[in-house]
Amino acid sequence: MGLGKIWVYGEAEDGTVATITLEMLAKAREIADTVEVVYGGGDADAIAAELGEHGASAVHATGDLGGKLSGVAVASAIAASVAAGTGPDAVLLGTTYEGRDVAGRLSVKVDAPVITNVVDLDLDGDRLVGTEPVFGGTTNVRTVFTSDKTAIFLIRPKSFTAEPAGGGAATVSTLEVPDMGAAGAATIIDRFVEESDGPKLDEAAVVVSGGRGLGEAEKYEMIETLSKLLNGAAGASRAIVDAGWVPYSYQVGQTGKVVKPAVYIAAGISGATQHLVGMKGSNNIIAINKDPEAPIFGVADLGVIGDVHKVLPKLIEAIKAR
Amino acid sequence: MNVVVCVKQIPDPADPGELDPESKTLKRDVKLILDESDSYGVEMALQLVDSAGGGDVTLVSMAPNNEVSGLRTALAMGAAGAVLVSDEALAGSDSLSTAKVLAKAIGRTEADLIITATESSDGYTGTVPAQIAELLGLPSVTFAKEINISGSTVAVKRQTETGYLEVECPMPCVVSVTAGVVEPRYPSFKGIMAAKSKPVDEVTCADLGIETDAVGWSGARQEIIGIDRAEEREAGEIIEDEGEAHERIISFLEELKVL
């Protein structure tokens, strides 16, 4: 059946494979005969077992990049394989910081477009069809490539379920990075980890997000307090990220993170389509907003028409008192 | 130092629009505005040129018609001029075609630094910055939350999943900036008046040496084969807060075993 070879762009941190990579592997092994991982880094041996268990038969790794950004390096390496006739039929990449860089660079190198924001993939005969939500997730479009170039798909996190398939460790081989010229001139000087004590936004079982309805940046503290009390993560609407109250990494929505927690609490968020597409896959949604017409109430399991400045402090006190 | 900022004019996101069932493109019969995501790049560019002690900020944009209302907003903020690639043949362009057109237009300027947003608010593919850099053979640093320039090098704090990277890159290069990193200025009355007479260099695909069948619909190598309504989520219980709503939230959290 189906497609010959898929390469999944692998991401890992400290020897642990990123969830998005495992999610893509789960899908890739449904639709292709051969599933392999392409990886930019020198520690492929440390992740080969986990990748193999999730269905990858091989890892093509660049080796240590010596401070070069992985986007341009990995794209150059994949393009060289395509040119040599040893490349894949399709490349799946996560919609992540690195994934988008690799996809953009690769698309120019192989002169093929990218299908982006993909939430589902299936085979129609021997061609891959990507499904992408548009208009805040009210409509899905199904898209195919019309050329026979390498098919590049950017996959949204949380679209598929990561599941081990029980395979043995993937074989590790070296994927040569050709000379990148001026395009490879950026160099990483240092790496900083910003400590956060709670679970990650896109992995937390509970997410509490704040929006413009909080009124001012200082009030975001209530969101952080509540999320800590519930062992959750704090998120934000685009409006308050744009306003500079919290960093971009907090943003939930179409242009931010997709979250699917067991419980999502939206406080002072009206529910613009931009936001809804990032959170309406949550199992349960609680919304607090003073505007009864706010679109967020259309997706909420429990909607509270009220002032966040009154409801949140009482909620926090009541939980603390338990 | 001269900075080019790529900007997009989009339909007002408050009015999300719809797909034309015939052409399968966004219906664009509404007035276009400057994509708010781009206002951060414009502000960043103005600040960088200011602290470099001289130079210009030039906008580069494309549109299937000669729309300039969004460009005027950025010109009113302080950009010196704009290159607008305006050609009916551009309608339906995918992100790679878009990047090809923008890269050609950037080639007409003498840019030390090219700034973009991380993604547009309407198309949000997020691939154009890296594509432009690759087409121009330049290095790129995406998802910048801070940019500092010293000599001919940019130092960028680049957002990551767990923190940020400190990246150094020689100019010319492409940097994409995340929203919210600077506070875009409001155009002053003087700025708005001055913007009306600032130069907008309108060029066509032919002017840039781009074959019209390589862009737009004819150049798109992907095709929409289906448009379906997504499953809708049902609204649940709605209550009005009369001072006790937090108790209902707590009991709901208890039902869900979060508390």
# chains A, B, ... in the order shown; residues from 1 in each chain; ligands from 1
>>> residues_around(residues="Val208 of chain A", least_positions_apart="5", cutoff="10 Å", atoms="only C-alpha atoms", output="PyMOL selection string")
chain A and resi 201+222-228+230+232-236+261+263-267+286-287
>>> closest_atom_pairs(of="chain B", to="chain A", cutoff="7 Å", atoms="only C-alpha atoms", output="JSON lines")
{"residue": "B:Pro16", "atom": "CA", "partner": "A:Phe135", "partner_atom": "CA", "distance": 6.4}
{"residue": "B:Leu96", "atom": "CA", "partner": "A:Pro113", "partner_atom": "CA", "distance": 5.6}
{"residue": "B:Tyr124", "atom": "CA", "partner": "A:Thr255", "partner_atom": "CA", "distance": 6.6}
{"residue": "B:Thr125", "atom": "CA", "partner": "A:Thr116", "partner_atom": "CA", "distance": 5.6}
{"residue": "B:Gly126", "atom": "CA", "partner": "A:Arg100", "partner_atom": "CA", "distance": 6.4}
{"residue": "B:Thr127", "atom": "CA", "partner": "A:Gly104", "partner_atom": "CA", "distance": 4.7}
{"residue": "B:Val128", "atom": "CA", "partner": "A:Gly104", "partner_atom": "CA", "distance": 6.5}
{"residue": "B:Ala130", "atom": "CA", "partner": "A:Gly104", "partner_atom": "CA", "distance": 5.0}
{"residue": "B:Gln131", "atom": "CA", "partner": "A:Gly104", "partner_atom": "CA", "distance": 4.8}
{"residue": "B:Glu134", "atom": "CA", "partner": "A:Arg105", "partner_atom": "CA", "distance": 5.7}
{"residue": "B:Leu135", "atom": "CA", "partner": "A:Val108", "partner_atom": "CA", "distance": 6.7}
{"residue": "B:Gly137", "atom": "CA", "partner": "A:Ala183", "partner_atom": "CA", "distance": 5.3}
{"residue": "B:Leu138", "atom": "CA", "partner": "A:Ala183", "partner_atom": "CA", "distance": 4.3}
{"residue": "B:Pro139", "atom": "CA", "partner": "A:Ala183", "partner_atom": "CA", "distance": 3.9}
{"residue": "B:Ser140", "atom": "CA", "partner": "A:Ala186", "partner_atom": "CA", "distance": 7.0}
{"residue": "B:Thr160", "atom": "CA", "partner": "A:Tyr97", "partner_atom": "CA", "distance": 6.7}
{"residue": "B:Thr162", "atom": "CA", "partner": "A:Val193", "partner_atom": "CA", "distance": 5.5}
{"residue": "B:Gly163", "atom": "CA", "partner": "A:Val193", "partner_atom": "CA", "distance": 4.4}
{"residue": "B:Tyr164", "atom": "CA", "partner": "A:Phe192", "partner_atom": "CA", "distance": 5.3}
{"residue": "B:Leu165", "atom": "CA", "partner": "A:Arg191", "partner_atom": "CA", "distance": 4.5}
{"residue": "B:Glu166", "atom": "CA", "partner": "A:Asp190", "partner_atom": "CA", "distance": 5.0}
{"residue": "B:Val167", "atom": "CA", "partner": "A:Ile188", "partner_atom": "CA", "distance": 4.4}
{"residue": "B:Glu168", "atom": "CA", "partner": "A:Thr187", "partner_atom": "CA", "distance": 5.3}
{"residue": "B:Cys169", "atom": "CA", "partner": "A:Ala186", "partner_atom": "CA", "distance": 4.3}
{"residue": "B:Pro170", "atom": "CA", "partner": "A:Ala185", "partner_atom": "CA", "distance": 6.8}
{"residue": "B:Thr178", "atom": "CA", "partner": "A:Tyr248", "partner_atom": "CA", "distance": 6.6}
{"residue": "B:Ala179", "atom": "CA", "partner": "A:Asp242", "partner_atom": "CA", "distance": 5.2}
{"residue": "B:Gly180", "atom": "CA", "partner": "A:Asp242", "partner_atom": "CA", "distance": 4.0}
{"residue": "B:Val181", "atom": "CA", "partner": "A:Gly244", "partner_atom": "CA", "distance": 6.3}
{"residue": "B:Arg221", "atom": "CA", "partner": "A:Thr146", "partner_atom": "CA", "distance": 5.0}
{"residue": "B:Gln222", "atom": "CA", "partner": "A:Phe145", "partner_atom": "CA", "distance": 4.1}
{"residue": "B:Glu223", "atom": "CA", "partner": "A:Val144", "partner_atom": "CA", "distance": 5.4}
{"residue": "B:Ile224", "atom": "CA", "partner": "A:Thr143", "partner_atom": "CA", "distance": 4.3}
{"residue": "B:Ile225", "atom": "CA", "partner": "A:Arg142", "partner_atom": "CA", "distance": 5.6}
{"residue": "B:Gly226", "atom": "CA", "partner": "A:Arg142", "partner_atom": "CA", "distance": 4.9}
{"residue": "B:Ile227", "atom": "CA", "partner": "A:Val141", "partner_atom": "CA", "distance": 4.5}
{"residue": "B:Asp228", "atom": "CA", "partner": "A:Asn140", "partner_atom": "CA", "distance": 5.1}
{"residue": "B:Arg229", "atom": "CA", "partner": "A:Thr139", "partner_atom": "CA", "distance": 4.4}
{"residue": "B:Ala230", "atom": "CA", "partner": "A:Thr139", "partner_atom": "CA", "distance": 4.9}
{"residue": "B:Arg233", "atom": "CA", "partner": "A:Val299", "partner_atom": "CA", "distance": 5.6}
{"residue": "B:Glu234", "atom": "CA", "partner": "A:Val299", "partner_atom": "CA", "distance": 6.0}
{"residue": "B:Ala235", "atom": "CA", "partner": "A:Gly298", "partner_atom": "CA", "distance": 4.7}
{"residue": "B:Gly236", "atom": "CA", "partner": "A:Asp301", "partner_atom": "CA", "distance": 4.1}
{"residue": "B:Glu237", "atom": "CA", "partner": "A:Leu302", "partner_atom": "CA", "distance": 5.0}
{"residue": "B:Ile238", "atom": "CA", "partner": "A:Gly303", "partner_atom": "CA", "distance": 4.5}
{"residue": "B:Ile239", "atom": "CA", "partner": "A:Val304", "partner_atom": "CA", "distance": 5.1}
{"residue": "B:Glu240", "atom": "CA", "partner": "A:Ile305", "partner_atom": "CA", "distance": 4.6}
{"residue": "B:Asp241", "atom": "CA", "partner": "A:Gly306", "partner_atom": "CA", "distance": 5.0}
{"residue": "B:Ala245", "atom": "CA", "partner": "A:Val311", "partner_atom": "CA", "distance": 6.8}
{"residue": "B:His246", "atom": "CA", "partner": "A:Leu315", "partner_atom": "CA", "distance": 5.0}
>>> select_by_dssp(residues="segment 46-294 of chain A", states="helix (DSSP H, G or I)", output="PyMOL selection string")
chain A and resi 46-53+70-83+97-109+181-184+212-214+217-229+238-242+248-250+273-279
>>> closest_atom_pairs(of="segment 137-191 of chain A", to="segment 76-82 of chain A", cutoff="9 Å", atoms="only C-alpha atoms", output="Markdown table")
| residue | atom | partner | partner_atom | distance |
| --- | --- | --- | --- | --- |
| A:Thr150 | CA | A:Val82 | CA | 7.9 |
| A:Leu175 | CA | A:Ala77 | CA | 6.4 |
| A:Glu176 | CA | A:Ala77 | CA | 5.9 |
| A:Val177 | CA | A:Ala77 | CA | 4.6 |
| A:Pro178 | CA | A:Ala77 | CA | 6.4 |
| A:Asp179 | CA | A:Ser76 | CA | 8.3 |
| A:Met180 | CA | A:Ser76 | CA | 7.1 |
>>> write_last_selection(atoms="all heavy atoms", output="PDB file, in the first residue's frame")
ATOM      1  N   THR A 150       9.176  16.588  -3.500  1.00  0.00           N
ATOM      2  CA  THR A 150       9.078  16.132  -2.111  1.00  0.00           C
ATOM      3  C   THR A 150       7.890  16.834  -1.428  1.00  0.00           C
ATOM      4  O   THR A 150       7.769  18.057  -1.502  1.00  0.00           O
ATOM      5  CB  THR A 150      10.368  16.502  -1.352  1.00  0.00           C
ATOM      6  OG1 THR A 150      11.480  16.071  -2.111  1.00  0.00           O
ATOM      7  CG2 THR A 150      10.383  15.860   0.030  1.00  0.00           C
ATOM      8  N   LEU A 175      24.083  11.869   8.289  1.00  0.00           N
ATOM      9  CA  LEU A 175      23.552  12.624   7.160  1.00  0.00           C
ATOM     10  C   LEU A 175      24.447  13.846   6.990  1.00  0.00           C
ATOM     11  O   LEU A 175      24.499  14.721   7.853  1.00  0.00           O
ATOM     12  CB  LEU A 175      22.110  13.048   7.460  1.00  0.00           C
ATOM     13  CG  LEU A 175      21.307  13.660   6.326  1.00  0.00           C
ATOM     14  CD1 LEU A 175      21.045  12.633   5.224  1.00  0.00           C
ATOM     15  CD2 LEU A 175      19.967  14.176   6.855  1.00  0.00           C
ATOM     16  N   GLU A 176      25.182  13.837   5.902  1.00  0.00           N
ATOM     17  CA  GLU A 176      26.158  14.902   5.661  1.00  0.00           C
ATOM     18  C   GLU A 176      25.491  16.260   5.487  1.00  0.00           C
ATOM     19  O   GLU A 176      24.505  16.387   4.769  1.00  0.00           O
ATOM     20  CB  GLU A 176      26.942  14.550   4.387  1.00  0.00           C
ATOM     21  CG  GLU A 176      28.304  15.178   4.269  1.00  0.00           C
ATOM     22  CD  GLU A 176      29.319  14.505   5.197  1.00  0.00           C
ATOM     23  OE1 GLU A 176      29.249  13.260   5.396  1.00  0.00           O
ATOM     24  OE2 GLU A 176      30.165  15.241   5.708  1.00  0.00           O
ATOM     25  N   VAL A 177      26.014  17.290   6.167  1.00  0.00           N
ATOM     26  CA  VAL A 177      25.533  18.657   5.930  1.00  0.00           C
ATOM     27  C   VAL A 177      26.485  19.308   4.927  1.00  0.00           C
ATOM     28  O   VAL A 177      27.664  19.478   5.211  1.00  0.00           O
ATOM     29  CB  VAL A 177      25.519  19.486   7.235  1.00  0.00           C
ATOM     30  CG1 VAL A 177      25.042  20.914   6.952  1.00  0.00           C
ATOM     31  CG2 VAL A 177      24.629  18.825   8.281  1.00  0.00           C
ATOM     32  N   PRO A 178      25.963  19.662   3.746  1.00  0.00           N
ATOM     33  CA  PRO A 178      26.864  20.283   2.758  1.00  0.00           C
ATOM     34  C   PRO A 178      27.248  21.700   3.196  1.00  0.00           C
ATOM     35  O   PRO A 178      26.664  22.235   4.138  1.00  0.00           O
ATOM     36  CB  PRO A 178      26.017  20.318   1.485  1.00  0.00           C
ATOM     37  CG  PRO A 178      24.611  20.192   1.921  1.00  0.00           C
ATOM     38  CD  PRO A 178      24.593  19.534   3.268  1.00  0.00           C
ATOM     39  N   ASP A 179      28.204  22.293   2.513  1.00  0.00           N
ATOM     40  CA  ASP A 179      28.615  23.664   2.812  1.00  0.00           C
ATOM     41  C   ASP A 179      27.405  24.588   2.650  1.00  0.00           C
ATOM     42  O   ASP A 179      26.758  24.596   1.612  1.00  0.00           O
ATOM     43  CB  ASP A 179      29.744  24.079   1.851  1.00  0.00           C
ATOM     44  CG  ASP A 179      30.161  25.525   2.102  1.00  0.00           C
ATOM     45  OD1 ASP A 179      29.985  25.995   3.250  1.00  0.00           O
ATOM     46  OD2 ASP A 179      30.640  26.184   1.157  1.00  0.00           O
ATOM     47  N   MET A 180      27.104  25.357   3.697  1.00  0.00           N
ATOM     48  CA  MET A 180      25.904  26.193   3.663  1.00  0.00           C
ATOM     49  C   MET A 180      26.191  27.604   3.179  1.00  0.00           C
ATOM     50  O   MET A 180      25.284  28.405   3.017  1.00  0.00           O
ATOM     51  CB  MET A 180      25.268  26.231   5.050  1.00  0.00           C
ATOM     52  CG  MET A 180      24.777  24.871   5.525  1.00  0.00           C
ATOM     53  SD  MET A 180      24.032  24.977   7.149  1.00  0.00           S
ATOM     54  CE  MET A 180      25.458  24.889   8.216  1.00  0.00           C
TER      55      MET A 180
END
>>> select_by_dssp(residues="segment 38-179 of chain B", states="strand (DSSP E)", output="PyMOL selection string")
chain B and resi 57-63+81-86+113-117+140-150+153-159+163-170+173-177
>>> residues_around(residues="Leu123 of chain A", least_positions_apart="3", cutoff="9 Å", atoms="only C-alpha atoms", output="NGL selection string")
:A and (2-3 or 31 or 126-130)
>>> write_last_selection(atoms="N, CA and C atoms", output="mmCIF file, in the first residue's frame")
data_model
loop_
_atom_site.group_PDB
_atom_site.id
_atom_site.type_symbol
_atom_site.label_atom_id
_atom_site.label_comp_id
_atom_site.auth_asym_id
_atom_site.auth_seq_id
_atom_site.Cartn_x
_atom_site.Cartn_y
_atom_site.Cartn_z
ATOM 1 N N GLY A 2 0.257 2.281 -0.464
ATOM 2 C CA GLY A 2 0.614 3.660 -0.164
ATOM 3 C C GLY A 2 2.005 4.138 -0.491
ATOM 4 N N LEU A 3 2.448 4.965 0.398
ATOM 5 C CA LEU A 3 3.628 5.774 0.174
ATOM 6 C C LEU A 3 4.897 4.996 0.523
ATOM 7 N N ILE A 31 0.815 5.291 7.289
ATOM 8 C CA ILE A 31 0.646 5.606 5.873
ATOM 9 C C ILE A 31 1.859 5.312 4.992
ATOM 10 N N ASP A 126 -2.266 7.045 -3.902
ATOM 11 C CA ASP A 126 -0.892 7.115 -3.437
ATOM 12 C C ASP A 126 -0.475 8.554 -3.141
ATOM 13 N N ARG A 127 -1.453 9.449 -3.052
ATOM 14 C CA ARG A 127 -1.074 10.823 -2.697
ATOM 15 C C ARG A 127 -1.542 11.161 -1.284
ATOM 16 N N LEU A 128 -0.750 11.988 -0.621
ATOM 17 C CA LEU A 128 -1.062 12.395 0.751
ATOM 18 C C LEU A 128 -1.989 13.600 0.740
ATOM 19 N N VAL A 129 -2.982 13.552 1.618
ATOM 20 C CA VAL A 129 -3.920 14.665 1.736
ATOM 21 C C VAL A 129 -3.781 15.249 3.137
ATOM 22 N N GLY A 130 -3.538 16.547 3.212
ATOM 23 C CA GLY A 130 -3.456 17.225 4.505
ATOM 24 C C GLY A 130 -4.762 17.927 4.812
#
>>> residues_around(residues="Ala214 of chain B", least_positions_apart="3", cutoff="10 Å", atoms="only C-alpha atoms", output="number ranges by chain")
B: 89-90, 93, 97, 100, 205, 210-211, 217-221
>>> atom_distance(atom1="atom CA of Ala26 of chain A", atom2="atom CA of Glu53 of chain A")
10.4 Å
>>> decode(residues="segment 128-194 of chain A", atoms="C-alpha atoms", output="PDB file, in the first residue's frame")
ATOM      1  CA  LEU A 128      -1.062  12.395   0.751  1.00  0.00           C
ATOM      2  CA  VAL A 129      -3.920  14.665   1.736  1.00  0.00           C
ATOM      3  CA  GLY A 130      -3.456  17.225   4.505  1.00  0.00           C
ATOM      4  CA  THR A 131      -6.386  18.609   6.489  1.00  0.00           C
ATOM      5  CA  GLU A 132      -6.048  22.143   7.827  1.00  0.00           C
ATOM      6  CA  PRO A 133      -8.531  24.111   9.910  1.00  0.00           C
ATOM      7  CA  VAL A 134      -9.346  27.636   8.709  1.00  0.00           C
ATOM      8  CA  PHE A 135     -11.523  30.435  10.075  1.00  0.00           C
ATOM      9  CA  GLY A 136     -10.900  29.579  13.688  1.00  0.00           C
ATOM     10  CA  GLY A 137     -11.543  25.905  13.128  1.00  0.00           C
ATOM     11  CA  THR A 138     -15.087  26.317  11.792  1.00  0.00           C
ATOM     12  CA  THR A 139     -14.036  24.926   8.424  1.00  0.00           C
ATOM     13  CA  ASN A 140     -11.557  22.238   7.366  1.00  0.00           C
ATOM     14  CA  VAL A 141      -9.855  22.272   4.000  1.00  0.00           C
ATOM     15  CA  ARG A 142      -8.226  19.206   2.444  1.00  0.00           C
ATOM     16  CA  THR A 143      -5.143  19.940   0.371  1.00  0.00           C
ATOM     17  CA  VAL A 144      -2.915  17.926  -1.962  1.00  0.00           C
ATOM     18  CA  PHE A 145       0.281  18.686  -3.846  1.00  0.00           C
ATOM     19  CA  THR A 146      -0.026  18.812  -7.601  1.00  0.00           C
ATOM     20  CA  SER A 147       3.657  18.299  -8.406  1.00  0.00           C
ATOM     21  CA  ASP A 148       5.807  15.234  -7.857  1.00  0.00           C
ATOM     22  CA  LYS A 149       8.354  17.099  -5.721  1.00  0.00           C
ATOM     23  CA  THR A 150       9.078  16.132  -2.111  1.00  0.00           C
ATOM     24  CA  ALA A 151       5.859  16.640  -0.140  1.00  0.00           C
ATOM     25  CA  ILE A 152       6.493  18.897   2.874  1.00  0.00           C
ATOM     26  CA  PHE A 153       3.906  19.023   5.655  1.00  0.00           C
ATOM     27  CA  LEU A 154       4.013  21.137   8.803  1.00  0.00           C
ATOM     28  CA  ILE A 155       1.980  19.299  11.425  1.00  0.00           C
ATOM     29  CA  ARG A 156       0.270  20.996  14.363  1.00  0.00           C
ATOM     30  CA  PRO A 157       1.124  19.470  17.743  1.00  0.00           C
ATOM     31  CA  LYS A 158      -1.580  17.340  19.396  1.00  0.00           C
ATOM     32  CA  SER A 159      -3.017  16.239  16.059  1.00  0.00           C
ATOM     33  CA  PHE A 160      -2.113  12.573  16.549  1.00  0.00           C
ATOM     34  CA  THR A 161      -1.635  10.355  19.577  1.00  0.00           C
ATOM     35  CA  ALA A 162       1.897   9.202  20.333  1.00  0.00           C
ATOM     36  CA  GLU A 163       1.970   5.451  20.852  1.00  0.00           C
ATOM     37  CA  PRO A 164       4.862   2.983  21.023  1.00  0.00           C
ATOM     38  CA  ALA A 165       4.770   0.289  18.355  1.00  0.00           C
ATOM     39  CA  GLY A 166       7.293  -1.936  20.073  1.00  0.00           C
ATOM     40  CA  GLY A 167      10.089  -1.810  17.502  1.00  0.00           C
ATOM     41  CA  GLY A 168      13.791  -2.242  18.237  1.00  0.00           C
ATOM     42  CA  ALA A 169      16.225   0.663  18.294  1.00  0.00           C
ATOM     43  CA  ALA A 170      16.515   2.666  15.093  1.00  0.00           C
ATOM     44  CA  THR A 171      19.800   2.358  13.235  1.00  0.00           C
ATOM     45  CA  VAL A 172      21.843   5.561  13.347  1.00  0.00           C
ATOM     46  CA  SER A 173      23.522   6.854  10.234  1.00  0.00           C
ATOM     47  CA  THR A 174      25.257  10.101   9.381  1.00  0.00           C
ATOM     48  CA  LEU A 175      23.552  12.624   7.160  1.00  0.00           C
ATOM     49  CA  GLU A 176      26.158  14.902   5.661  1.00  0.00           C
ATOM     50  CA  VAL A 177      25.533  18.657   5.930  1.00  0.00           C
ATOM     51  CA  PRO A 178      26.864  20.283   2.758  1.00  0.00           C
ATOM     52  CA  ASP A 179      28.615  23.664   2.812  1.00  0.00           C
ATOM     53  CA  MET A 180      25.904  26.193   3.663  1.00  0.00           C
ATOM     54  CA  GLY A 181      27.786  29.282   2.544  1.00  0.00           C
ATOM     55  CA  ALA A 182      26.563  32.644   3.850  1.00  0.00           C
ATOM     56  CA  ALA A 183      23.160  31.157   4.687  1.00  0.00           C
ATOM     57  CA  GLY A 184      24.755  29.197   7.517  1.00  0.00           C
ATOM     58  CA  ALA A 185      26.519  32.147   9.131  1.00  0.00           C
ATOM     59  CA  ALA A 186      24.348  32.490  12.257  1.00  0.00           C
ATOM     60  CA  THR A 187      25.941  30.993  15.375  1.00  0.00           C
ATOM     61  CA  ILE A 188      24.502  30.095  18.756  1.00  0.00           C
ATOM     62  CA  ILE A 189      26.603  31.800  21.436  1.00  0.00           C
ATOM     63  CA  ASP A 190      24.687  30.678  24.488  1.00  0.00           C
ATOM     64  CA  ARG A 191      21.542  28.857  25.603  1.00  0.00           C
ATOM     65  CA  PHE A 192      19.283  29.974  28.405  1.00  0.00           C
ATOM     66  CA  VAL A 193      16.611  27.929  30.105  1.00  0.00           C
ATOM     67  CA  GLU A 194      13.904  29.982  31.758  1.00  0.00           C
TER      68      GLU A 194
END
